[in-house]
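A.B. asks: File coords28.txt follows (compact mmCIF, N, CA and C atoms):
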# COMPACT_ATOMS: atom_id res chain seq x y z
N MET P 268 -98.03 22.58 43.94
CA MET P 268 -98.56 21.86 45.07
C MET P 268 -100.09 21.78 44.95
N HIS P 269 -100.68 20.74 45.41
CA HIS P 269 -102.11 20.50 45.31
C HIS P 269 -102.88 21.35 46.32
N PHE P 270 -104.14 21.71 45.96
CA PHE P 270 -104.99 22.54 46.82
C PHE P 270 -105.09 21.99 48.25
N LEU P 271 -105.37 20.69 48.36
CA LEU P 271 -105.57 20.08 49.68
C LEU P 271 -104.29 20.12 50.50
N ASN P 272 -103.15 19.87 49.88
CA ASN P 272 -101.88 19.93 50.60
C ASN P 272 -101.64 21.33 51.16
N LEU P 273 -101.98 22.36 50.38
CA LEU P 273 -101.79 23.72 50.85
C LEU P 273 -102.74 24.04 52.00
N LEU P 274 -103.96 23.56 51.92
CA LEU P 274 -104.91 23.77 53.00
C LEU P 274 -104.42 23.06 54.27
N LEU P 275 -103.95 21.83 54.14
CA LEU P 275 -103.44 21.09 55.29
C LEU P 275 -102.21 21.77 55.88
N GLN P 276 -101.38 22.32 55.03
CA GLN P 276 -100.18 23.05 55.49
C GLN P 276 -100.60 24.28 56.29
N LEU P 277 -101.59 25.00 55.79
CA LEU P 277 -102.09 26.18 56.48
C LEU P 277 -102.69 25.78 57.84
N MET P 278 -103.43 24.68 57.86
CA MET P 278 -104.01 24.18 59.11
C MET P 278 -102.93 23.82 60.12
N ALA P 279 -101.84 23.22 59.65
CA ALA P 279 -100.74 22.83 60.54
C ALA P 279 -100.02 24.06 61.10
N GLU P 280 -99.88 25.08 60.28
CA GLU P 280 -99.19 26.31 60.72
C GLU P 280 -100.01 27.12 61.72
N PHE P 281 -101.35 27.00 61.64
CA PHE P 281 -102.22 27.83 62.47
C PHE P 281 -103.28 26.98 63.18
N PRO P 282 -102.83 26.13 64.11
CA PRO P 282 -103.78 25.25 64.80
C PRO P 282 -104.79 26.00 65.67
N ARG P 283 -104.44 27.20 66.13
CA ARG P 283 -105.36 27.97 66.97
C ARG P 283 -106.51 28.53 66.15
N ILE P 284 -106.30 28.70 64.86
CA ILE P 284 -107.38 29.20 63.99
C ILE P 284 -108.21 28.04 63.46
N PHE P 285 -107.54 26.98 63.02
CA PHE P 285 -108.25 25.86 62.38
C PHE P 285 -108.66 24.76 63.36
N LYS P 286 -108.02 24.72 64.52
CA LYS P 286 -108.36 23.75 65.56
C LYS P 286 -108.26 22.30 65.10
N GLY P 287 -107.34 22.04 64.17
CA GLY P 287 -107.13 20.68 63.68
C GLY P 287 -108.22 20.14 62.78
N GLU P 288 -109.11 20.99 62.36
CA GLU P 288 -110.23 20.57 61.51
C GLU P 288 -110.23 21.33 60.20
N GLU P 289 -110.58 20.63 59.14
CA GLU P 289 -110.77 21.31 57.86
C GLU P 289 -112.00 22.20 57.98
N PRO P 290 -112.04 23.29 57.22
CA PRO P 290 -113.25 24.11 57.22
C PRO P 290 -114.48 23.26 56.89
N ARG P 291 -115.63 23.67 57.41
CA ARG P 291 -116.86 22.89 57.25
C ARG P 291 -117.28 22.72 55.81
N SER P 292 -117.09 23.74 55.00
CA SER P 292 -117.45 23.67 53.59
C SER P 292 -116.21 23.41 52.75
N HIS P 293 -116.41 22.79 51.59
CA HIS P 293 -115.30 22.49 50.69
C HIS P 293 -114.43 23.74 50.50
N SER P 294 -113.15 23.59 50.71
CA SER P 294 -112.23 24.72 50.62
C SER P 294 -111.05 24.36 49.74
N HIS P 295 -110.45 25.37 49.15
CA HIS P 295 -109.23 25.17 48.39
C HIS P 295 -108.34 26.41 48.50
N VAL P 296 -107.05 26.16 48.44
CA VAL P 296 -106.05 27.22 48.54
C VAL P 296 -105.18 27.15 47.30
N PHE P 297 -105.20 28.21 46.50
CA PHE P 297 -104.35 28.27 45.31
C PHE P 297 -102.92 28.60 45.73
N GLU P 298 -101.97 28.02 45.01
CA GLU P 298 -100.56 28.19 45.33
C GLU P 298 -100.15 29.66 45.35
N GLY P 299 -100.61 30.44 44.39
CA GLY P 299 -100.23 31.85 44.33
C GLY P 299 -100.80 32.69 45.46
N TRP P 300 -101.88 32.23 46.05
CA TRP P 300 -102.51 32.96 47.16
C TRP P 300 -102.07 32.45 48.53
N TYR P 301 -101.30 31.36 48.57
CA TYR P 301 -100.89 30.80 49.86
C TYR P 301 -100.16 31.83 50.74
N PRO P 302 -99.16 32.56 50.22
CA PRO P 302 -98.47 33.53 51.08
C PRO P 302 -99.42 34.58 51.66
N MET P 303 -100.39 35.00 50.86
CA MET P 303 -101.36 35.99 51.32
C MET P 303 -102.23 35.40 52.45
N LEU P 304 -102.65 34.15 52.30
CA LEU P 304 -103.45 33.49 53.33
C LEU P 304 -102.62 33.23 54.59
N PHE P 305 -101.37 32.87 54.41
CA PHE P 305 -100.47 32.67 55.55
C PHE P 305 -100.37 33.97 56.35
N ASP P 306 -100.16 35.07 55.65
CA ASP P 306 -100.05 36.38 56.28
C ASP P 306 -101.37 36.76 56.98
N LEU P 307 -102.48 36.48 56.33
CA LEU P 307 -103.79 36.77 56.93
C LEU P 307 -103.98 36.00 58.23
N CYS P 308 -103.69 34.72 58.22
CA CYS P 308 -103.85 33.90 59.43
C CYS P 308 -102.93 34.39 60.55
N LYS P 309 -101.72 34.77 60.19
CA LYS P 309 -100.77 35.30 61.18
C LYS P 309 -101.32 36.58 61.82
N LYS P 310 -101.90 37.45 61.01
CA LYS P 310 -102.47 38.70 61.52
C LYS P 310 -103.70 38.44 62.38
N ILE P 311 -104.53 37.47 61.98
CA ILE P 311 -105.71 37.13 62.78
C ILE P 311 -105.28 36.63 64.15
N GLU P 312 -104.31 35.72 64.18
CA GLU P 312 -103.81 35.21 65.46
C GLU P 312 -103.25 36.33 66.34
N ALA P 313 -102.58 37.29 65.72
CA ALA P 313 -101.95 38.37 66.47
C ALA P 313 -102.97 39.35 67.06
N CYS P 314 -104.09 39.54 66.40
CA CYS P 314 -105.02 40.57 66.87
C CYS P 314 -106.13 40.05 67.78
N LEU P 315 -106.32 38.74 67.84
CA LEU P 315 -107.37 38.19 68.70
C LEU P 315 -106.78 37.64 70.00
N SER P 316 -107.52 37.80 71.07
CA SER P 316 -107.11 37.24 72.36
C SER P 316 -107.31 35.73 72.35
N ASP P 317 -106.78 35.06 73.35
CA ASP P 317 -106.94 33.60 73.46
C ASP P 317 -108.41 33.21 73.48
N SER P 318 -109.21 33.92 74.25
CA SER P 318 -110.64 33.57 74.33
C SER P 318 -111.35 33.86 73.01
N GLU P 319 -110.94 34.91 72.30
CA GLU P 319 -111.55 35.20 70.99
C GLU P 319 -111.15 34.14 69.97
N LEU P 320 -109.90 33.69 70.04
CA LEU P 320 -109.46 32.63 69.13
C LEU P 320 -110.19 31.32 69.38
N GLU P 321 -110.55 31.05 70.62
CA GLU P 321 -111.31 29.84 70.92
C GLU P 321 -112.65 29.83 70.19
N GLN P 322 -113.25 31.00 70.02
CA GLN P 322 -114.56 31.10 69.37
C GLN P 322 -114.46 31.23 67.85
N PHE P 323 -113.29 31.60 67.35
CA PHE P 323 -113.09 31.84 65.91
C PHE P 323 -113.13 30.52 65.15
N ARG P 324 -113.86 30.48 64.04
CA ARG P 324 -113.95 29.29 63.19
C ARG P 324 -113.81 29.68 61.73
N VAL P 325 -112.95 28.98 61.02
CA VAL P 325 -112.86 29.14 59.57
C VAL P 325 -113.92 28.23 58.96
N LEU P 326 -114.83 28.82 58.20
CA LEU P 326 -115.91 28.04 57.60
C LEU P 326 -115.56 27.59 56.19
N GLN P 327 -114.88 28.46 55.43
CA GLN P 327 -114.53 28.12 54.05
C GLN P 327 -113.50 29.09 53.51
N ILE P 328 -112.58 28.55 52.71
CA ILE P 328 -111.62 29.37 51.96
C ILE P 328 -111.77 28.93 50.51
N LYS P 329 -112.00 29.90 49.63
CA LYS P 329 -112.17 29.54 48.22
C LYS P 329 -111.99 30.76 47.33
N GLU P 330 -112.07 30.50 46.05
CA GLU P 330 -112.11 31.54 45.03
C GLU P 330 -113.55 31.65 44.57
N LYS P 331 -114.05 32.86 44.47
CA LYS P 331 -115.41 33.08 43.94
C LYS P 331 -115.36 34.32 43.08
N PHE P 332 -115.85 34.19 41.85
CA PHE P 332 -115.83 35.29 40.87
C PHE P 332 -114.42 35.85 40.70
N GLY P 333 -113.41 34.98 40.84
CA GLY P 333 -112.03 35.36 40.60
C GLY P 333 -111.31 35.96 41.79
N PHE P 334 -111.97 36.01 42.95
CA PHE P 334 -111.36 36.64 44.11
C PHE P 334 -111.39 35.71 45.31
N LEU P 335 -110.49 35.94 46.24
CA LEU P 335 -110.40 35.16 47.46
C LEU P 335 -111.63 35.41 48.32
N ARG P 336 -112.16 34.32 48.84
CA ARG P 336 -113.22 34.41 49.84
C ARG P 336 -112.75 33.65 51.08
N PHE P 337 -112.86 34.27 52.23
CA PHE P 337 -112.47 33.69 53.51
C PHE P 337 -113.66 33.85 54.43
N TYR P 338 -114.45 32.79 54.55
CA TYR P 338 -115.65 32.83 55.37
C TYR P 338 -115.31 32.32 56.77
N TYR P 339 -115.84 32.96 57.77
CA TYR P 339 -115.50 32.64 59.14
C TYR P 339 -116.66 32.95 60.08
N TYR P 340 -116.55 32.43 61.28
CA TYR P 340 -117.53 32.70 62.33
C TYR P 340 -116.77 33.21 63.56
N CYS P 341 -117.30 34.27 64.17
CA CYS P 341 -116.76 34.76 65.43
C CYS P 341 -117.77 35.74 66.03
N ASP P 342 -117.50 36.21 67.23
CA ASP P 342 -118.40 37.17 67.85
C ASP P 342 -118.22 38.56 67.22
N ALA P 343 -119.10 39.48 67.57
CA ALA P 343 -119.10 40.81 66.95
C ALA P 343 -117.81 41.58 67.22
N LEU P 344 -117.29 41.46 68.43
CA LEU P 344 -116.05 42.17 68.76
C LEU P 344 -114.88 41.66 67.91
N SER P 345 -114.78 40.34 67.81
CA SER P 345 -113.71 39.76 66.99
C SER P 345 -113.89 40.14 65.52
N ARG P 346 -115.13 40.14 65.06
CA ARG P 346 -115.41 40.52 63.67
C ARG P 346 -114.91 41.94 63.40
N SER P 347 -115.10 42.83 64.37
CA SER P 347 -114.64 44.21 64.18
C SER P 347 -113.11 44.28 64.10
N LYS P 348 -112.44 43.32 64.72
CA LYS P 348 -110.97 43.29 64.71
C LYS P 348 -110.41 42.67 63.44
N VAL P 349 -111.06 41.64 62.89
CA VAL P 349 -110.50 40.91 61.75
C VAL P 349 -111.14 41.25 60.41
N GLY P 350 -112.28 41.89 60.42
CA GLY P 350 -112.98 42.19 59.17
C GLY P 350 -112.13 42.96 58.17
N HIS P 351 -111.42 43.98 58.65
CA HIS P 351 -110.59 44.78 57.74
C HIS P 351 -109.40 43.96 57.21
N LEU P 352 -108.91 43.02 58.01
CA LEU P 352 -107.80 42.17 57.55
C LEU P 352 -108.26 41.27 56.40
N ILE P 353 -109.43 40.70 56.56
CA ILE P 353 -109.97 39.80 55.54
C ILE P 353 -110.33 40.58 54.28
N HIS P 354 -110.85 41.78 54.46
CA HIS P 354 -111.17 42.61 53.29
C HIS P 354 -109.88 43.00 52.55
N ALA P 355 -108.83 43.29 53.29
CA ALA P 355 -107.54 43.64 52.65
C ALA P 355 -107.01 42.46 51.83
N ALA P 356 -107.15 41.24 52.35
CA ALA P 356 -106.72 40.05 51.60
C ALA P 356 -107.57 39.88 50.34
N TYR P 357 -108.87 40.12 50.45
CA TYR P 357 -109.76 40.07 49.28
C TYR P 357 -109.26 41.06 48.21
N GLU P 358 -108.98 42.28 48.63
CA GLU P 358 -108.51 43.31 47.69
C GLU P 358 -107.17 42.91 47.06
N GLN P 359 -106.27 42.34 47.86
CA GLN P 359 -104.97 41.90 47.35
C GLN P 359 -105.14 40.78 46.33
N SER P 360 -106.12 39.91 46.55
CA SER P 360 -106.34 38.80 45.63
C SER P 360 -106.76 39.28 44.24
N ARG P 361 -107.32 40.47 44.17
CA ARG P 361 -107.75 41.03 42.89
C ARG P 361 -106.58 41.29 41.94
N ILE P 362 -105.39 41.49 42.54
CA ILE P 362 -104.22 41.83 41.71
C ILE P 362 -103.08 40.82 41.87
N THR P 363 -103.38 39.66 42.42
CA THR P 363 -102.37 38.64 42.65
C THR P 363 -102.71 37.40 41.83
N CYS P 364 -101.78 36.96 40.99
CA CYS P 364 -102.00 35.76 40.18
C CYS P 364 -102.21 34.57 41.11
N PHE P 365 -103.32 33.89 40.95
CA PHE P 365 -103.62 32.77 41.85
C PHE P 365 -102.73 31.57 41.60
N MET P 366 -102.04 31.54 40.47
CA MET P 366 -101.17 30.41 40.17
C MET P 366 -99.75 30.62 40.69
N CYS P 367 -99.17 31.81 40.46
CA CYS P 367 -97.76 32.01 40.84
C CYS P 367 -97.56 33.08 41.92
N GLY P 368 -98.56 33.90 42.19
CA GLY P 368 -98.45 34.91 43.22
C GLY P 368 -97.89 36.24 42.76
N SER P 369 -97.60 36.39 41.47
CA SER P 369 -97.07 37.67 41.01
C SER P 369 -98.18 38.72 40.98
N ILE P 370 -97.76 39.98 41.16
CA ILE P 370 -98.71 41.10 41.12
C ILE P 370 -98.97 41.44 39.66
N ILE P 371 -100.23 41.62 39.33
CA ILE P 371 -100.62 41.89 37.94
C ILE P 371 -101.50 43.14 37.88
N PRO P 372 -101.45 43.85 36.76
CA PRO P 372 -102.36 44.99 36.60
C PRO P 372 -103.80 44.49 36.52
N LEU P 373 -104.72 45.27 37.04
CA LEU P 373 -106.13 44.89 36.98
C LEU P 373 -106.61 44.68 35.55
N THR P 374 -106.00 45.36 34.59
CA THR P 374 -106.44 45.22 33.20
C THR P 374 -106.14 43.84 32.64
N GLU P 375 -105.24 43.08 33.28
CA GLU P 375 -104.90 41.74 32.79
C GLU P 375 -105.78 40.65 33.39
N ASN P 376 -106.72 41.02 34.25
CA ASN P 376 -107.53 40.00 34.89
C ASN P 376 -108.32 39.20 33.88
N ASP P 377 -108.24 37.90 34.03
CA ASP P 377 -109.00 36.95 33.23
C ASP P 377 -110.40 36.87 33.84
N PRO P 378 -111.44 36.61 33.06
CA PRO P 378 -112.78 36.49 33.64
C PRO P 378 -112.87 35.38 34.69
N ASN P 379 -111.95 34.42 34.65
CA ASN P 379 -111.96 33.32 35.61
C ASN P 379 -111.13 33.61 36.86
N GLY P 380 -110.53 34.77 36.93
CA GLY P 380 -109.73 35.12 38.10
C GLY P 380 -108.44 35.78 37.70
N PRO P 381 -107.77 36.42 38.66
CA PRO P 381 -106.51 37.08 38.35
C PRO P 381 -105.42 36.06 38.02
N ILE P 382 -104.90 36.18 36.83
CA ILE P 382 -103.84 35.27 36.39
C ILE P 382 -102.90 36.07 35.49
N CYS P 383 -101.60 35.93 35.72
CA CYS P 383 -100.63 36.69 34.93
C CYS P 383 -100.54 36.09 33.52
N THR P 384 -100.04 36.86 32.60
CA THR P 384 -99.97 36.44 31.20
C THR P 384 -99.19 35.14 31.02
N PRO P 385 -97.99 34.98 31.61
CA PRO P 385 -97.28 33.70 31.44
C PRO P 385 -98.07 32.50 31.98
N CYS P 386 -98.69 32.65 33.14
CA CYS P 386 -99.46 31.53 33.69
C CYS P 386 -100.68 31.22 32.83
N ALA P 387 -101.32 32.26 32.29
CA ALA P 387 -102.48 32.05 31.43
C ALA P 387 -102.08 31.28 30.18
N LYS P 388 -100.93 31.65 29.60
CA LYS P 388 -100.46 30.94 28.41
C LYS P 388 -100.14 29.48 28.73
N ASN P 389 -99.48 29.24 29.86
CA ASN P 389 -99.15 27.87 30.27
C ASN P 389 -100.41 27.06 30.54
N LEU P 390 -101.38 27.68 31.16
CA LEU P 390 -102.64 26.98 31.46
C LEU P 390 -103.38 26.62 30.17
N ARG P 391 -103.46 27.57 29.26
CA ARG P 391 -104.13 27.31 27.98
C ARG P 391 -103.42 26.19 27.21
N ALA P 392 -102.10 26.21 27.24
CA ALA P 392 -101.32 25.19 26.52
C ALA P 392 -101.55 23.80 27.15
N SER P 393 -101.59 23.72 28.47
CA SER P 393 -101.79 22.43 29.12
C SER P 393 -103.20 21.91 28.90
N LEU P 394 -104.18 22.81 28.83
CA LEU P 394 -105.55 22.38 28.58
C LEU P 394 -105.76 21.94 27.14
N ALA P 395 -104.99 22.53 26.23
CA ALA P 395 -105.12 22.20 24.81
C ALA P 395 -104.49 20.84 24.49
N SER P 396 -103.52 20.42 25.28
CA SER P 396 -102.83 19.16 24.96
C SER P 396 -103.47 17.96 25.62
Go ahead and express the file in the form of structure tokens.

C.D. replies:
Amino acid sequence: MHFLNLLLQLMAEFPRIFKGEEPRSHSHVFEGWYPMLFDLCKKIEACLSDSELEQFRVLQIKEKFGFLRFYYYCDALSRSKVGHLIHAAYEQSRITCFMCGSIIPLTENDPNGPICTPCAKNLRASLAS
């Protein structure tokens, strides 16, 4: 599935977080990380009150230095509630193949991001042809 389709799907599933708007900065959602982002958004919705959710804004979702980045805006109280959730997703992204979602040993991490051996071979083959 394409990055934009996954982002739009996430926005449709969590209208209280995204408010029907794409994040302000260019964002992309890798297929292998979609379940992790879905779970993160579900947890954010569950831990914030209605008034806190009104103030919550997703600014950007992307990969940076091979890891998930989820940039957001909210008040200090909300930040204290969701910060650990977002950090946990960041840590999970370190060992999750961004293409297929399989868990991989840290020793297999590619310099371009966590990718399992089969996906790396398929990617290299598709780029070579």

A.B. asks: For segment 316-325 of chain P, please output as a list in words all residues within 5 Å (counting only N, CA and C atoms; exclusion window: fewer than 6 positions along the same chain).

C.D. replies: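 Near neighbours after the sequence-gap exclusion: Pro290, Tyr338, Tyr339, Tyr340 and Cys341 of chain P.
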
A.B. asks: Would you save the residues from that selection as an mmCIF file, in the frame of the given file, using N, CA and C atoms?

C.D. replies:
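Done, and the output landed in again-v7.cif:
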data_model
loop_
_atom_site.group_PDB
_atom_site.id
_atom_site.type_symbol
_atom_site.label_atom_id
_atom_site.label_comp_id
_atom_site.auth_asym_id
_atom_site.auth_seq_id
_atom_site.Cartn_x
_atom_site.Cartn_y
_atom_site.Cartn_z
ATOM 1 N N PRO P 290 -112.040 23.290 57.220
ATOM 2 C CA PRO P 290 -113.250 24.110 57.220
ATOM 3 C C PRO P 290 -114.480 23.260 56.890
ATOM 4 N N TYR P 338 -114.450 32.790 54.550
ATOM 5 C CA TYR P 338 -115.650 32.830 55.370
ATOM 6 C C TYR P 338 -115.310 32.320 56.770
ATOM 7 N N TYR P 339 -115.840 32.960 57.770
ATOM 8 C CA TYR P 339 -115.500 32.640 59.140
ATOM 9 C C TYR P 339 -116.660 32.950 60.080
ATOM 10 N N TYR P 340 -116.550 32.430 61.280
ATOM 11 C CA TYR P 340 -117.530 32.700 62.330
ATOM 12 C C TYR P 340 -116.770 33.210 63.560
ATOM 13 N N CYS P 341 -117.300 34.270 64.170
ATOM 14 C CA CYS P 341 -116.760 34.760 65.430
ATOM 15 C C CYS P 341 -117.770 35.740 66.030
#

A.B. asks: How would you write, as a list in words, the set of residues in segment 269-396 of chain P that DSSP gives as strand (DSSP E or B)?

C.D. replies: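 So the strand (DSSP E or B) residues in segment 269-396 of chain P would be Arg324, Val325, Leu326, Gln327, Ile328, Lys329, Glu330, Lys331, Phe334, Leu335, Arg336, Phe337, Tyr338, Tyr339, Tyr340, Thr363, Ile370, Asp377 and Gly380 of chain P.
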
A.B. asks: Find, counting all atoms listed in the file, the residue in P:Ala395, P:Ile311, P:Ile382, P:Met366 that gets nearest to Ile353 of chain P.

C.D. replies: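 Using all atoms listed in the file, the shortest distance to Ile353 of chain P belongs to P:Ile311.
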
A.B. asks: Nearest to Ser294 of chain P among P:Ser347, P:Gln359, P:Gln327, P:Ser369, with distances taken over only N, CA and C atoms: which residue is it?

C.D. replies: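 Between P:Ser347, P:Gln359, P:Gln327, P:Ser369, the residue approaching Ser294 of chain P most closely is P:Gln327.
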
A.B. asks: If you measure from atom C of Ala279 of chain P to atom C of Cys308 of chain P, what distance in Å do you get, rounded to one decimal?

C.D. replies: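 These two atoms are separated by 10.7 Å.
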
A.B. asks: Check the smallest atom-to-atom distance from each of P:Gly299, P:Pro372, P:Gly287, P:Pro381 to Phe334 of chain P using all atoms listed in the file, then report the winner.

C.D. replies: P:Pro381

A.B. asks: Just checking: using all atoms listed in the file, which residue out of P:Leu352, P:Asn272, P:Leu335, P:Glu280 ends up closest to Lys310 of chain P?

C.D. replies: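 Using all atoms listed in the file, the shortest distance to Lys310 of chain P belongs to P:Leu352.
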
A.B. asks: Taking into account only C-alpha atoms, which residue in the set P:Gly350, P:Glu330, P:Val296, P:Met303 is nearest to Leu315 of chain P?

C.D. replies: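 The closest residue to Leu315 of chain P is P:Gly350.
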
A.B. asks: With distances taken over only C-alpha atoms, which residue among P:Asp342, P:Arg336, P:Lys309, P:Leu304 lies nearest Gly368 of chain P?

C.D. replies: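 Looking at the shortest contact to Gly368 of chain P, the residue is P:Leu304.
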
A.B. asks: In chain P, what's alpha helix (DSSP H) per DSSP? Answer as an MDAnalysis selection string?

C.D. replies: chainID P and resid 270:280 282:285 301:314 317:322 343:360 384:395

A.B. asks: Work out how far apart atom CA of Thr363 of chain P and atom CA of Phe332 of chain P are and give it in Å to one decimal.

C.D. replies: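 We find that atom CA of Thr363 of chain P and atom CA of Phe332 of chain P lie 14.0 Å from each other.
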
A.B. asks: How far is it from atom N of Cys386 of chain P to atom N of Glu298 of chain P, in Å with one decimal?

C.D. replies: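 Atom N of Glu298 of chain P lies at a distance of 13.2 Å from atom N of Cys386 of chain P.
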